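The next block is upload-v2.cif, given as mmCIF, C-alpha atoms.
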```
data_start
#
loop_
_atom_site.label_atom_id
_atom_site.label_comp_id
_atom_site.auth_asym_id
_atom_site.auth_seq_id
_atom_site.Cartn_x
_atom_site.Cartn_y
_atom_site.Cartn_z
CA MET A 1 34.52 -26.75 -10.81
CA THR A 2 36.56 -25.71 -7.79
CA TYR A 3 35.90 -22.55 -5.82
CA GLU A 4 39.04 -20.93 -7.15
CA GLU A 5 38.09 -21.74 -10.75
CA ALA A 6 34.56 -20.46 -10.30
CA ARG A 7 35.61 -17.20 -8.64
CA ALA A 8 38.24 -16.59 -11.33
CA GLN A 9 35.44 -16.30 -13.90
CA PHE A 10 34.49 -12.85 -12.54
CA PRO A 11 36.88 -10.00 -13.39
CA VAL A 12 35.47 -7.70 -10.69
CA PHE A 13 36.87 -9.89 -7.92
CA GLU A 14 40.41 -9.16 -9.03
CA ARG A 15 40.07 -5.68 -7.54
CA TRP A 16 36.96 -5.46 -5.38
CA ALA A 17 35.46 -7.17 -2.40
CA TYR A 18 32.11 -7.22 -4.15
CA MET A 19 29.36 -7.56 -1.55
CA ASN A 20 26.35 -5.99 -3.26
CA ALA A 21 24.61 -8.71 -5.27
CA GLY A 22 21.47 -7.85 -3.33
CA THR A 23 21.39 -4.73 -5.52
CA ILE A 24 23.02 -6.01 -8.69
CA GLY A 25 25.21 -9.04 -9.18
CA PRO A 26 28.67 -9.36 -10.73
CA LEU A 27 29.07 -10.38 -14.37
CA SER A 28 31.24 -13.32 -15.37
CA ARG A 29 33.59 -13.44 -18.32
CA ALA A 30 31.26 -15.94 -20.02
CA THR A 31 28.33 -13.55 -19.60
CA LEU A 32 30.30 -10.60 -20.96
CA THR A 33 31.56 -12.66 -23.90
CA ALA A 34 28.08 -13.91 -24.77
CA MET A 35 26.69 -10.37 -24.71
CA ASP A 36 29.53 -9.04 -26.84
CA GLU A 37 29.29 -11.85 -29.39
CA GLN A 38 25.51 -11.43 -29.73
CA LEU A 39 25.82 -7.68 -30.10
CA ARG A 40 28.48 -8.03 -32.81
CA HIS A 41 26.40 -10.68 -34.58
CA ASP A 42 23.33 -8.44 -34.52
CA GLN A 43 25.21 -5.43 -35.87
CA GLU A 44 27.08 -7.35 -38.56
CA ARG A 45 24.12 -9.38 -39.79
CA GLY A 46 21.45 -6.74 -39.30
CA ARG A 47 18.66 -6.77 -36.73
CA GLY A 48 15.89 -7.85 -39.02
CA GLY A 49 14.66 -10.56 -41.33
CA GLY A 50 12.82 -13.76 -40.58
CA ASP A 51 15.88 -15.77 -39.61
CA TRP A 52 17.10 -13.14 -37.15
CA PHE A 53 13.71 -12.77 -35.44
CA ALA A 54 13.37 -16.55 -35.26
CA SER A 55 16.79 -16.78 -33.59
CA VAL A 56 15.82 -14.21 -30.95
CA ILE A 57 12.54 -15.99 -30.26
CA ALA A 58 14.46 -19.25 -29.90
CA LEU A 59 16.83 -17.53 -27.49
CA ARG A 60 13.85 -16.27 -25.46
CA GLU A 61 12.56 -19.81 -25.16
CA GLN A 62 15.99 -21.10 -24.21
CA VAL A 63 16.22 -18.57 -21.38
CA ARG A 64 12.64 -19.36 -20.31
CA GLY A 65 13.62 -23.01 -20.00
CA GLN A 66 16.74 -22.16 -17.99
CA LEU A 67 14.76 -19.95 -15.61
CA ALA A 68 12.19 -22.71 -15.22
CA ALA A 69 14.97 -25.14 -14.32
CA LEU A 70 16.34 -22.65 -11.79
CA LEU A 71 12.92 -22.50 -10.15
CA GLY A 72 12.19 -26.21 -10.45
CA THR A 73 9.16 -25.79 -12.68
CA THR A 74 8.15 -26.03 -16.35
CA PRO A 75 8.65 -23.32 -18.99
CA GLU A 76 4.90 -23.02 -19.47
CA ARG A 77 4.66 -21.40 -16.04
CA VAL A 78 7.39 -18.79 -16.55
CA ALA A 79 6.96 -15.31 -18.02
CA LEU A 80 9.92 -13.15 -19.03
CA THR A 81 10.07 -9.72 -17.39
CA PHE A 82 12.57 -6.97 -16.70
CA SER A 83 12.33 -7.10 -12.91
CA THR A 84 10.48 -8.32 -9.84
CA THR A 85 8.54 -5.05 -9.96
CA ASP A 86 7.14 -6.07 -13.34
CA GLY A 87 6.04 -9.39 -11.92
CA CYS A 88 4.31 -7.75 -8.96
CA ASN A 89 2.51 -5.30 -11.25
CA ILE A 90 1.38 -8.11 -13.57
CA VAL A 91 -0.21 -10.05 -10.72
CA LEU A 92 -1.74 -7.19 -8.77
CA SER A 93 -3.19 -5.57 -11.88
CA ALA A 94 -4.84 -8.84 -12.87
CA LEU A 95 -6.51 -9.57 -9.54
CA ASP A 96 -9.02 -6.70 -9.83
CA LEU A 97 -8.80 -5.88 -6.14
CA THR A 98 -11.43 -3.52 -4.75
CA ALA A 99 -11.72 -1.34 -1.65
CA GLU A 100 -13.54 -4.24 0.00
CA ASP A 101 -10.49 -6.48 -0.37
CA GLU A 102 -7.42 -6.77 1.83
CA VAL A 103 -3.83 -7.78 1.15
CA VAL A 104 -1.44 -8.85 3.89
CA THR A 105 2.21 -7.87 3.63
CA THR A 106 5.10 -6.99 5.98
CA ASP A 107 6.85 -3.84 7.15
CA GLY A 108 10.07 -4.93 5.44
CA GLU A 109 9.04 -4.89 1.79
CA HIS A 110 10.89 -3.30 -1.12
CA PRO A 111 9.23 -0.50 -3.15
CA GLY A 112 9.13 -2.97 -6.04
CA LEU A 113 6.29 -4.70 -4.20
CA LEU A 114 5.03 -1.80 -2.11
CA GLY A 115 4.42 0.41 -5.15
CA PRO A 116 2.12 -2.07 -6.91
CA LEU A 117 0.37 -2.75 -3.59
CA GLY A 118 -0.21 0.94 -3.02
CA ALA A 119 -1.54 1.37 -6.56
CA SER A 120 -4.19 -1.28 -5.98
CA ALA A 121 -7.58 -0.41 -4.55
CA ALA A 122 -7.23 -2.92 -1.71
CA ARG A 123 -6.63 -2.15 1.94
CA ILE A 124 -3.10 -3.16 2.89
CA ARG A 125 -2.58 -4.83 6.27
CA VAL A 126 0.99 -4.83 7.53
CA ALA A 127 2.60 -7.44 9.76
CA GLU A 128 5.42 -5.76 11.73
CA VAL A 129 8.00 -8.49 11.38
CA THR A 130 11.05 -6.20 11.29
CA LYS A 131 10.03 -4.39 14.48
CA ARG A 132 9.72 -7.77 16.21
CA PRO A 133 12.48 -9.86 14.61
CA THR A 134 12.53 -12.48 17.36
CA ALA A 135 8.77 -13.03 17.23
CA ASP A 136 7.16 -15.78 15.18
CA ALA A 137 6.76 -14.23 11.73
CA LEU A 138 4.05 -16.72 10.81
CA GLU A 139 1.97 -15.72 13.82
CA LEU A 140 2.41 -12.04 13.00
CA LEU A 141 1.31 -12.61 9.40
CA LEU A 142 -1.67 -14.77 10.33
CA ALA A 143 -2.82 -12.15 12.83
CA GLN A 144 -3.38 -9.78 9.91
CA VAL A 145 -5.52 -12.22 7.91
CA THR A 146 -9.26 -11.54 7.94
CA PRO A 147 -12.25 -12.83 5.95
CA ARG A 148 -11.59 -10.01 3.49
CA THR A 149 -8.01 -11.07 2.74
CA ARG A 150 -7.58 -11.97 -0.92
CA LEU A 151 -3.80 -12.16 -1.16
CA ILE A 152 -0.61 -12.56 0.87
CA ALA A 153 2.14 -10.50 -0.78
CA ILE A 154 5.57 -10.86 0.86
CA SER A 155 9.24 -11.28 0.08
CA HIS A 156 10.89 -14.65 0.60
CA VAL A 157 13.88 -12.74 1.98
CA LEU A 158 13.43 -9.21 3.33
CA TRP A 159 15.77 -6.79 1.57
CA LEU A 160 16.35 -4.70 4.69
CA THR A 161 17.33 -7.41 7.18
CA GLY A 162 17.83 -10.66 5.27
CA GLN A 163 15.06 -12.28 7.33
CA VAL A 164 13.53 -15.34 5.70
CA MET A 165 9.73 -15.29 5.59
CA PRO A 166 7.60 -18.45 6.06
CA VAL A 167 6.09 -18.32 2.59
CA HIS A 168 5.09 -21.98 2.43
CA GLU A 169 3.74 -22.03 5.97
CA VAL A 170 1.47 -19.03 5.39
CA LYS A 171 0.15 -20.65 2.22
CA ALA A 172 -0.58 -23.89 4.04
CA ALA A 173 -2.21 -22.11 6.99
CA THR A 174 -4.49 -19.84 4.95
CA GLY A 175 -5.00 -21.46 1.57
CA LEU A 176 -4.96 -17.94 0.13
CA PRO A 177 -3.10 -16.92 -3.02
CA VAL A 178 0.51 -15.98 -2.22
CA LEU A 179 2.63 -13.57 -4.26
CA VAL A 180 6.33 -13.86 -3.40
CA ASP A 181 8.94 -11.24 -4.18
CA GLY A 182 11.95 -13.41 -4.91
CA ALA A 183 14.48 -10.66 -5.53
CA GLN A 184 16.69 -11.69 -2.59
CA SER A 185 16.12 -15.42 -2.74
CA VAL A 186 16.43 -16.79 -6.29
CA GLY A 187 20.08 -17.62 -6.85
CA ALA A 188 20.97 -16.92 -3.22
CA ILE A 189 19.18 -19.64 -1.26
CA PRO A 190 17.42 -22.85 -2.32
CA VAL A 191 13.93 -22.12 -3.67
CA GLU A 192 11.07 -24.60 -3.83
CA LEU A 193 7.82 -23.32 -5.29
CA GLY A 194 5.54 -25.95 -3.81
CA GLU A 195 1.97 -24.63 -3.64
CA LEU A 196 2.93 -20.96 -4.06
CA ASP A 197 0.89 -19.11 -6.66
CA PHE A 198 3.21 -16.38 -7.93
CA TYR A 199 6.97 -15.96 -7.57
CA THR A 200 9.06 -13.15 -9.05
CA VAL A 201 12.70 -13.26 -10.12
CA SER A 202 15.30 -10.49 -10.35
CA ALA A 203 17.82 -12.09 -12.69
CA GLN A 204 20.37 -9.27 -12.45
CA LYS A 205 20.88 -9.83 -8.74
CA TRP A 206 21.95 -13.22 -7.38
CA PRO A 207 21.68 -15.10 -10.71
CA CYS A 208 24.30 -12.61 -12.00
CA GLY A 209 22.54 -11.84 -15.26
CA PRO A 210 22.65 -8.52 -17.12
CA ASP A 211 20.08 -5.87 -16.34
CA PRO A 212 17.22 -5.46 -16.78
CA THR A 213 16.16 -9.11 -16.76
CA GLY A 214 13.69 -11.06 -14.65
CA ALA A 215 10.86 -13.55 -14.59
CA LEU A 216 7.49 -14.35 -13.08
CA TYR A 217 6.28 -17.81 -12.11
CA VAL A 218 2.51 -18.31 -12.36
CA ARG A 219 1.21 -21.59 -11.04
CA ASP A 220 -2.03 -21.47 -13.06
CA PRO A 221 -1.51 -19.03 -15.96
CA GLU A 222 -4.94 -19.56 -17.50
CA ALA A 223 -6.62 -18.52 -14.23
CA LEU A 224 -4.95 -15.08 -14.20
CA ARG A 225 -6.29 -12.29 -16.42
CA VAL A 226 -3.94 -10.53 -18.83
CA ALA A 227 -4.36 -7.03 -17.45
CA LEU A 228 -1.15 -5.54 -18.87
CA PRO A 229 -0.95 -6.93 -22.42
CA THR A 230 2.18 -6.45 -24.51
CA THR A 231 3.17 -7.33 -28.05
CA TRP A 232 4.08 -10.77 -26.76
CA SER A 233 0.79 -11.50 -24.99
CA HIS A 234 -1.31 -12.72 -27.86
CA LEU A 235 -1.60 -15.36 -30.53
CA LYS A 236 -4.23 -13.25 -32.28
CA ILE A 237 -5.53 -9.71 -31.83
CA GLU A 238 -8.72 -8.21 -33.22
CA PRO A 239 -9.16 -4.63 -34.53
CA ASP A 240 -10.91 -3.72 -31.29
CA GLY A 241 -7.95 -4.94 -29.21
CA THR A 242 -9.51 -8.23 -28.10
CA ILE A 243 -6.77 -10.81 -27.83
CA GLU A 244 -6.41 -14.54 -27.92
CA PRO A 245 -3.70 -14.99 -25.28
CA ARG A 246 -0.65 -17.14 -25.79
CA VAL A 247 -0.51 -20.50 -24.11
CA GLY A 248 0.82 -20.56 -20.56
CA ALA A 249 2.64 -17.81 -18.71
CA ALA A 250 4.15 -16.48 -21.94
CA ARG A 251 0.96 -14.40 -22.20
CA PHE A 252 2.43 -12.27 -19.41
CA ASP A 253 5.80 -11.65 -21.10
CA PHE A 254 6.53 -8.02 -20.41
CA GLY A 255 8.09 -6.93 -23.67
CA TRP A 256 11.06 -7.16 -25.97
CA ILE A 257 14.33 -8.10 -24.27
CA ALA A 258 17.38 -7.20 -26.31
CA ALA A 259 19.15 -10.24 -27.74
CA PRO A 260 22.51 -9.43 -26.06
CA MET A 261 20.77 -9.35 -22.68
CA LEU A 262 19.17 -12.73 -23.38
CA ALA A 263 22.48 -14.20 -24.47
CA GLY A 264 24.20 -12.88 -21.36
CA LEU A 265 21.49 -14.20 -19.07
CA SER A 266 21.66 -17.60 -20.70
CA ALA A 267 25.41 -17.75 -20.10
CA ALA A 268 24.97 -16.55 -16.51
CA LEU A 269 22.39 -19.21 -15.71
CA ASP A 270 24.77 -21.88 -17.01
CA GLY A 271 27.66 -20.74 -14.86
CA HIS A 272 26.66 -21.32 -11.24
CA PRO A 273 28.38 -24.12 -9.29
CA GLU A 274 26.25 -26.81 -7.67
CA TRP A 275 27.65 -26.01 -4.21
CA ARG A 276 26.72 -22.32 -4.36
CA PHE A 277 24.00 -22.31 -1.69
CA GLU A 278 26.06 -24.07 0.97
CA ARG A 279 29.05 -21.83 0.32
CA ALA A 280 26.97 -18.63 0.39
CA ALA A 281 25.32 -19.62 3.68
CA GLU A 282 28.74 -20.35 5.21
CA MET A 283 30.13 -16.98 4.12
CA ALA A 284 27.07 -15.12 5.40
CA ALA A 285 27.48 -16.74 8.81
CA ARG A 286 31.18 -15.82 8.89
CA CYS A 287 30.43 -12.27 7.80
CA ARG A 288 27.79 -11.86 10.47
CA ALA A 289 30.10 -13.17 13.18
CA ALA A 290 32.96 -10.89 12.10
CA LEU A 291 30.75 -7.80 11.96
CA ALA A 292 29.11 -8.61 15.30
CA GLU A 293 32.47 -8.28 17.02
CA ARG A 294 32.54 -4.55 16.22
CA PHE A 295 29.08 -3.43 15.12
CA GLU A 296 25.41 -3.91 15.92
CA VAL A 297 24.15 -6.57 13.51
CA VAL A 298 20.38 -6.55 13.01
CA THR A 299 20.22 -9.72 10.91
CA GLU A 300 19.44 -12.67 13.14
CA PRO A 301 21.63 -15.82 12.85
CA GLY A 302 20.68 -18.50 10.34
CA GLN A 303 18.79 -16.28 7.90
CA SER A 304 19.78 -15.58 4.29
CA THR A 305 22.83 -14.25 2.44
CA LEU A 306 22.17 -10.62 3.41
CA VAL A 307 23.81 -9.22 6.56
CA SER A 308 22.55 -5.82 7.72
CA PHE A 309 24.17 -3.81 10.50
CA ARG A 310 24.07 -0.36 12.04
CA ALA A 311 26.30 2.15 10.29
CA PRO A 312 29.13 3.02 12.69
CA ARG A 313 29.03 6.72 11.73
CA ASP A 314 26.89 7.77 8.76
CA GLY A 315 25.50 5.29 6.26
CA VAL A 316 26.29 7.25 3.10
CA GLU A 317 29.75 8.22 4.30
CA ASP A 318 30.52 4.72 5.58
CA ALA A 319 29.54 3.14 2.26
CA ARG A 320 31.71 5.69 0.45
CA ARG A 321 34.68 4.95 2.71
CA ALA A 322 34.25 1.24 2.10
CA TYR A 323 34.13 1.83 -1.65
CA GLU A 324 37.32 3.83 -1.54
CA ALA A 325 38.90 0.87 0.26
CA GLY A 326 37.79 -1.48 -2.52
CA VAL A 327 34.68 -2.87 -0.79
CA VAL A 328 31.24 -2.60 -2.41
CA ILE A 329 28.32 -2.68 0.06
CA ARG A 330 24.88 -1.02 0.19
CA ASP A 331 23.75 1.93 2.26
CA LEU A 332 20.05 1.35 2.98
CA ALA A 333 19.03 4.98 2.76
CA GLY A 334 16.95 6.34 5.59
CA THR A 335 17.38 3.31 7.82
CA GLY A 336 20.81 3.85 9.36
CA LEU A 337 21.78 0.40 8.08
CA LEU A 338 24.53 -0.93 5.87
CA ARG A 339 24.05 -4.22 4.05
CA ALA A 340 26.61 -6.78 2.95
CA SER A 341 25.57 -9.35 0.35
CA CYS A 342 27.46 -12.62 0.71
CA GLY A 343 27.51 -14.77 -2.41
CA TRP A 344 29.13 -18.10 -3.08
CA TRP A 345 32.06 -16.08 -4.43
CA THR A 346 32.68 -14.29 -1.11
CA ASN A 347 35.84 -15.28 0.76
CA GLU A 348 37.46 -14.56 4.08
CA ASP A 349 39.61 -11.79 2.61
CA ASP A 350 36.48 -9.96 1.42
CA ILE A 351 35.07 -10.09 4.95
CA ASP A 352 38.34 -8.91 6.51
CA ARG A 353 38.49 -6.00 4.04
CA LEU A 354 34.93 -5.02 4.91
CA VAL A 355 35.57 -4.93 8.64
CA ALA A 356 38.85 -3.07 8.22
CA ALA A 357 37.29 -0.47 5.91
CA LEU A 358 34.72 0.47 8.56
CA ALA A 359 36.91 0.23 11.64
#
```

Representation of the structure as structure tokens:
Amino acid sequence: MTYEEARAQFPVFERWAYMNAGTIGPLSRATLTAMDEQLRHDQERGRGGGDWFASVIALREQVRGQLAALLGTTPERVALTFSTTDGCNIVLSALDLTAEDEVVTTDGEHPGLLGPLGASAARIRVAEVTKRPTADALELLLAQVTPRTRLIAISHVLWLTGQVMPVHEVKAATGLPVLVDGAQSVGAIPVELGELDFYTVSAQKWPCGPDPTGALYVRDPEALRVALPTTWSHLKIEPDGTIEPRVGAARFDFGWIAAPMLAGLSAALDGHPEWRFERAAEMAARCRAALAERFEVVTEPGQSTLVSFRAPRDGVEDARRAYEAGVVIRDLAGTGLLRASCGWWTNEDDIDRLVAALA
């Protein structure tokens, strides 16, 4: 599939310079069609009966397999969720952290990870990687590790600056469990799980699935307690609530996902070109260079597909002006930053429109 053919699959690009997949990705015609067809099927045939439920369960397993392929793992290690926040809550709730325990994170984390961290009983130690962007992030993270550290919980790509964190290096250096927020990495940059223990997926962002959809990778599902059981967690449940958990990471499935959302996600996961990562990296580099000619760019060169820069006037007003000019970007509230998300679909015209809208 050529670039032109791939881009033409997304109706939004006919009007907008869409540069906000870091918040929520665009939907392709195939995704919209799959959702519509499933919805019509469900309404015409009735959402009930053994055959219908069996078809939805089969669709769940199909999507689980596709997400596993996206991550380079097996379906038995993938749980279906609604978001990366779900995944973070599943893991942190199951670890039974106490006030004697510590968790190391960074000062650039999203509330989807920060909230579950704050709800835990552990002491949170923060590596200030965004305040020192040119410093060695690995050294800053390791400096926060103590004998009480039970978990490293960090994003692969920081949502504020696009900085790529050394997730594999910190695992190798410490041997500690590592929980990775993959909201800004999966579908945007190449992801290898390696020895990582937990990895979350936000499927409505860079994978371009409908919302809310997501996943959680668990390297050793049987070693993690089911602390937030759902209807999908068990093979058998006793009158007192004791459960026999399902095999593998399916025991952590976070609830019923509507069949149209599953159908749309399945179509979305089938629609990404093989050259997407190289193209996205090229467009991010071009976007950064173009913005740097006029504005203060805080994203260092050679990072991810997010490019953050100082708002030239007021973040909210600048984002509104860009929107009125047909450019969708993100105002990072309270930071004074604007953020452009560069996908494989981004082209030079999108970048030119962005710069012109803010000039």

>> Excluding stretch 178-181 of chain A and its own-chain neighbours fewer than 5 positions away, which residues fall within 10 Å of it when counting only C-alpha atoms? Please give them as a PyMOL selection string.
In response: chain A and resi 84-85+87-88+91-92+103-105+109-110+112-113+150-159+165+167-168+170-171+186+193+195-202+216-218

List the residues matched by the PyMOL selection byres ((chain A and resi 106) around 6) in the displayed structure as a PDB file with C-alpha atoms, in the coordinates of the input, ordered by chain and then by residue number.
```
ATOM      1  CA  THR A 105       2.210  -7.870   3.630  1.00  0.00           C
ATOM      2  CA  ASP A 107       6.850  -3.840   7.150  1.00  0.00           C
ATOM      3  CA  GLY A 108      10.070  -4.930   5.440  1.00  0.00           C
ATOM      4  CA  VAL A 126       0.990  -4.830   7.530  1.00  0.00           C
ATOM      5  CA  ALA A 127       2.600  -7.440   9.760  1.00  0.00           C
ATOM      6  CA  GLU A 128       5.420  -5.760  11.730  1.00  0.00           C
TER       7      GLU A 128
END
```

>> Between atom CA of A:Ala281 and atom CA of A:Gly162, what distance in Å does the model show, to one decimal?
In response: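 Rounded to one decimal, the two atoms are 11.8 Å apart.
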
>> Quick check on the file I pasted: which residues fall under the PyMOL selection byres ((chain A and resi 142) around 10)? Write them as an NGL selection string.
In response: :A and (104 or 127 or 137-141 or 143-146 or 152 or 170 or 173-174)

> Could you pull the residues within 7 Å of stretch 332-340 of chain A, counting only C-alpha atoms, minus those fewer than 2 positions along the same chain, as a PyMOL selection string?
Replying inline: chain A and resi 19-20+306-311+315+329-330+342

>> Give me, as a VMD selection string, all polymer residues having an atom no more than 7 Å from stretch 343-355 of chain A, counting only C-alpha atoms and skipping those fewer than 4 positions away in the same chain.
In response: chain A and resid 7 17 188 276 to 277 279 to 280 283 287 291 305 322 327 359

Given the PyMOL selection byres ((chain A and resi 272) around 12), the residues it picks as a PDB file with C-alpha atoms, keeping the file's coordinate frame:
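As written to disk, result-v2.pdb reads:
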```
ATOM      1  CA  MET A   1      34.520 -26.750 -10.810  1.00  0.00           C
ATOM      2  CA  THR A   2      36.560 -25.710  -7.790  1.00  0.00           C
ATOM      3  CA  TYR A   3      35.900 -22.550  -5.820  1.00  0.00           C
ATOM      4  CA  GLU A   5      38.090 -21.740 -10.750  1.00  0.00           C
ATOM      5  CA  ALA A   6      34.560 -20.460 -10.300  1.00  0.00           C
ATOM      6  CA  ARG A   7      35.610 -17.200  -8.640  1.00  0.00           C
ATOM      7  CA  GLN A   9      35.440 -16.300 -13.900  1.00  0.00           C
ATOM      8  CA  PHE A  10      34.490 -12.850 -12.540  1.00  0.00           C
ATOM      9  CA  LEU A  27      29.070 -10.380 -14.370  1.00  0.00           C
ATOM     10  CA  SER A  28      31.240 -13.320 -15.370  1.00  0.00           C
ATOM     11  CA  ALA A  30      31.260 -15.940 -20.020  1.00  0.00           C
ATOM     12  CA  THR A  31      28.330 -13.550 -19.600  1.00  0.00           C
ATOM     13  CA  LEU A  70      16.340 -22.650 -11.790  1.00  0.00           C
ATOM     14  CA  GLY A 187      20.080 -17.620  -6.850  1.00  0.00           C
ATOM     15  CA  ALA A 188      20.970 -16.920  -3.220  1.00  0.00           C
ATOM     16  CA  TRP A 206      21.950 -13.220  -7.380  1.00  0.00           C
ATOM     17  CA  PRO A 207      21.680 -15.100 -10.710  1.00  0.00           C
ATOM     18  CA  CYS A 208      24.300 -12.610 -12.000  1.00  0.00           C
ATOM     19  CA  GLY A 209      22.540 -11.840 -15.260  1.00  0.00           C
ATOM     20  CA  LEU A 265      21.490 -14.200 -19.070  1.00  0.00           C
ATOM     21  CA  SER A 266      21.660 -17.600 -20.700  1.00  0.00           C
ATOM     22  CA  ALA A 267      25.410 -17.750 -20.100  1.00  0.00           C
ATOM     23  CA  ALA A 268      24.970 -16.550 -16.510  1.00  0.00           C
ATOM     24  CA  LEU A 269      22.390 -19.210 -15.710  1.00  0.00           C
ATOM     25  CA  ASP A 270      24.770 -21.880 -17.010  1.00  0.00           C
ATOM     26  CA  GLY A 271      27.660 -20.740 -14.860  1.00  0.00           C
ATOM     27  CA  PRO A 273      28.380 -24.120  -9.290  1.00  0.00           C
ATOM     28  CA  GLU A 274      26.250 -26.810  -7.670  1.00  0.00           C
ATOM     29  CA  TRP A 275      27.650 -26.010  -4.210  1.00  0.00           C
ATOM     30  CA  ARG A 276      26.720 -22.320  -4.360  1.00  0.00           C
ATOM     31  CA  PHE A 277      24.000 -22.310  -1.690  1.00  0.00           C
ATOM     32  CA  ARG A 279      29.050 -21.830   0.320  1.00  0.00           C
ATOM     33  CA  ALA A 280      26.970 -18.630   0.390  1.00  0.00           C
ATOM     34  CA  GLY A 343      27.510 -14.770  -2.410  1.00  0.00           C
ATOM     35  CA  TRP A 344      29.130 -18.100  -3.080  1.00  0.00           C
ATOM     36  CA  TRP A 345      32.060 -16.080  -4.430  1.00  0.00           C
TER      37      TRP A 345
END
```

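Nearest to A:Glu222 of all the residues A:Gly248, A:Gly72, A:Gly48, A:Gly25 is A:Gly248, counting all atoms listed in the file.
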
With all atoms of stretch 207-223 of chain A from the file as input, state the centre and edge lengths in Å to one decimal of the axis-aligned box that has 3 Å extra on each side, as AutoDock Vina command-line options.
```
--center_x 8.8 --center_y -13.5 --center_z -14.1 --size_x 36.9 --size_y 22.1 --size_z 12.8
```

> By how many Å are atom CA of A:Thr231 and atom CA of A:Arg251 apart?
Replying inline: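 These two atoms are separated by 9.4 Å.
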
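Counting only C-alpha atoms, the residue from A:Arg29, A:Arg320, A:His41, A:Arg294 that sits nearest to A:Ala259 is A:His41.
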
>> Neighbouring residues of A:Gly22 were defined as those with any atom within 6 Å, considering all atoms listed in the file; residues of the same chain fewer than 2 positions away were excluded. Please report them as a ChimeraX atom specification.
In response: /A:20,24,205,341

>> as a ChimeraX atom specification, please: the residues near A:Asp101 (cut-off 9 Å, all atoms listed in the file, same-chain neighbours under 5 positions excluded).
In response: /A:121-124,148-151

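For the set A:Pro212, A:Gly264, A:Pro11, A:Pro312, the residue with the smallest atom-to-atom gap to A:Met35 is A:Gly264, counting all atoms listed in the file.
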
>> Report, in Å to a single decimal, how far apart atom CA of A:Asp253 and atom CA of A:Thr81 are.
In response: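 Going from atom CA of A:Thr81 over to atom CA of A:Asp253, I get 6.0 Å.
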
So which residues are close to (3.1, -22.1, -20.0), meaning at most 7 Å away in the file's coordinates with only C-alpha atoms counted, and can you show them as a CSV table (one decimal) with C-alpha atoms, in the frame of the given file?
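Final output, saved to selection-v5.csv:
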```csv
chain,number,residue,atom,x,y,z
A,75,PRO,CA,8.6,-23.3,-19.0
A,76,GLU,CA,4.9,-23.0,-19.5
A,77,ARG,CA,4.7,-21.4,-16.0
A,78,VAL,CA,7.4,-18.8,-16.6
A,221,PRO,CA,-1.5,-19.0,-16.0
A,247,VAL,CA,-0.5,-20.5,-24.1
A,248,GLY,CA,0.8,-20.6,-20.6
A,249,ALA,CA,2.6,-17.8,-18.7
A,250,ALA,CA,4.2,-16.5,-21.9
```
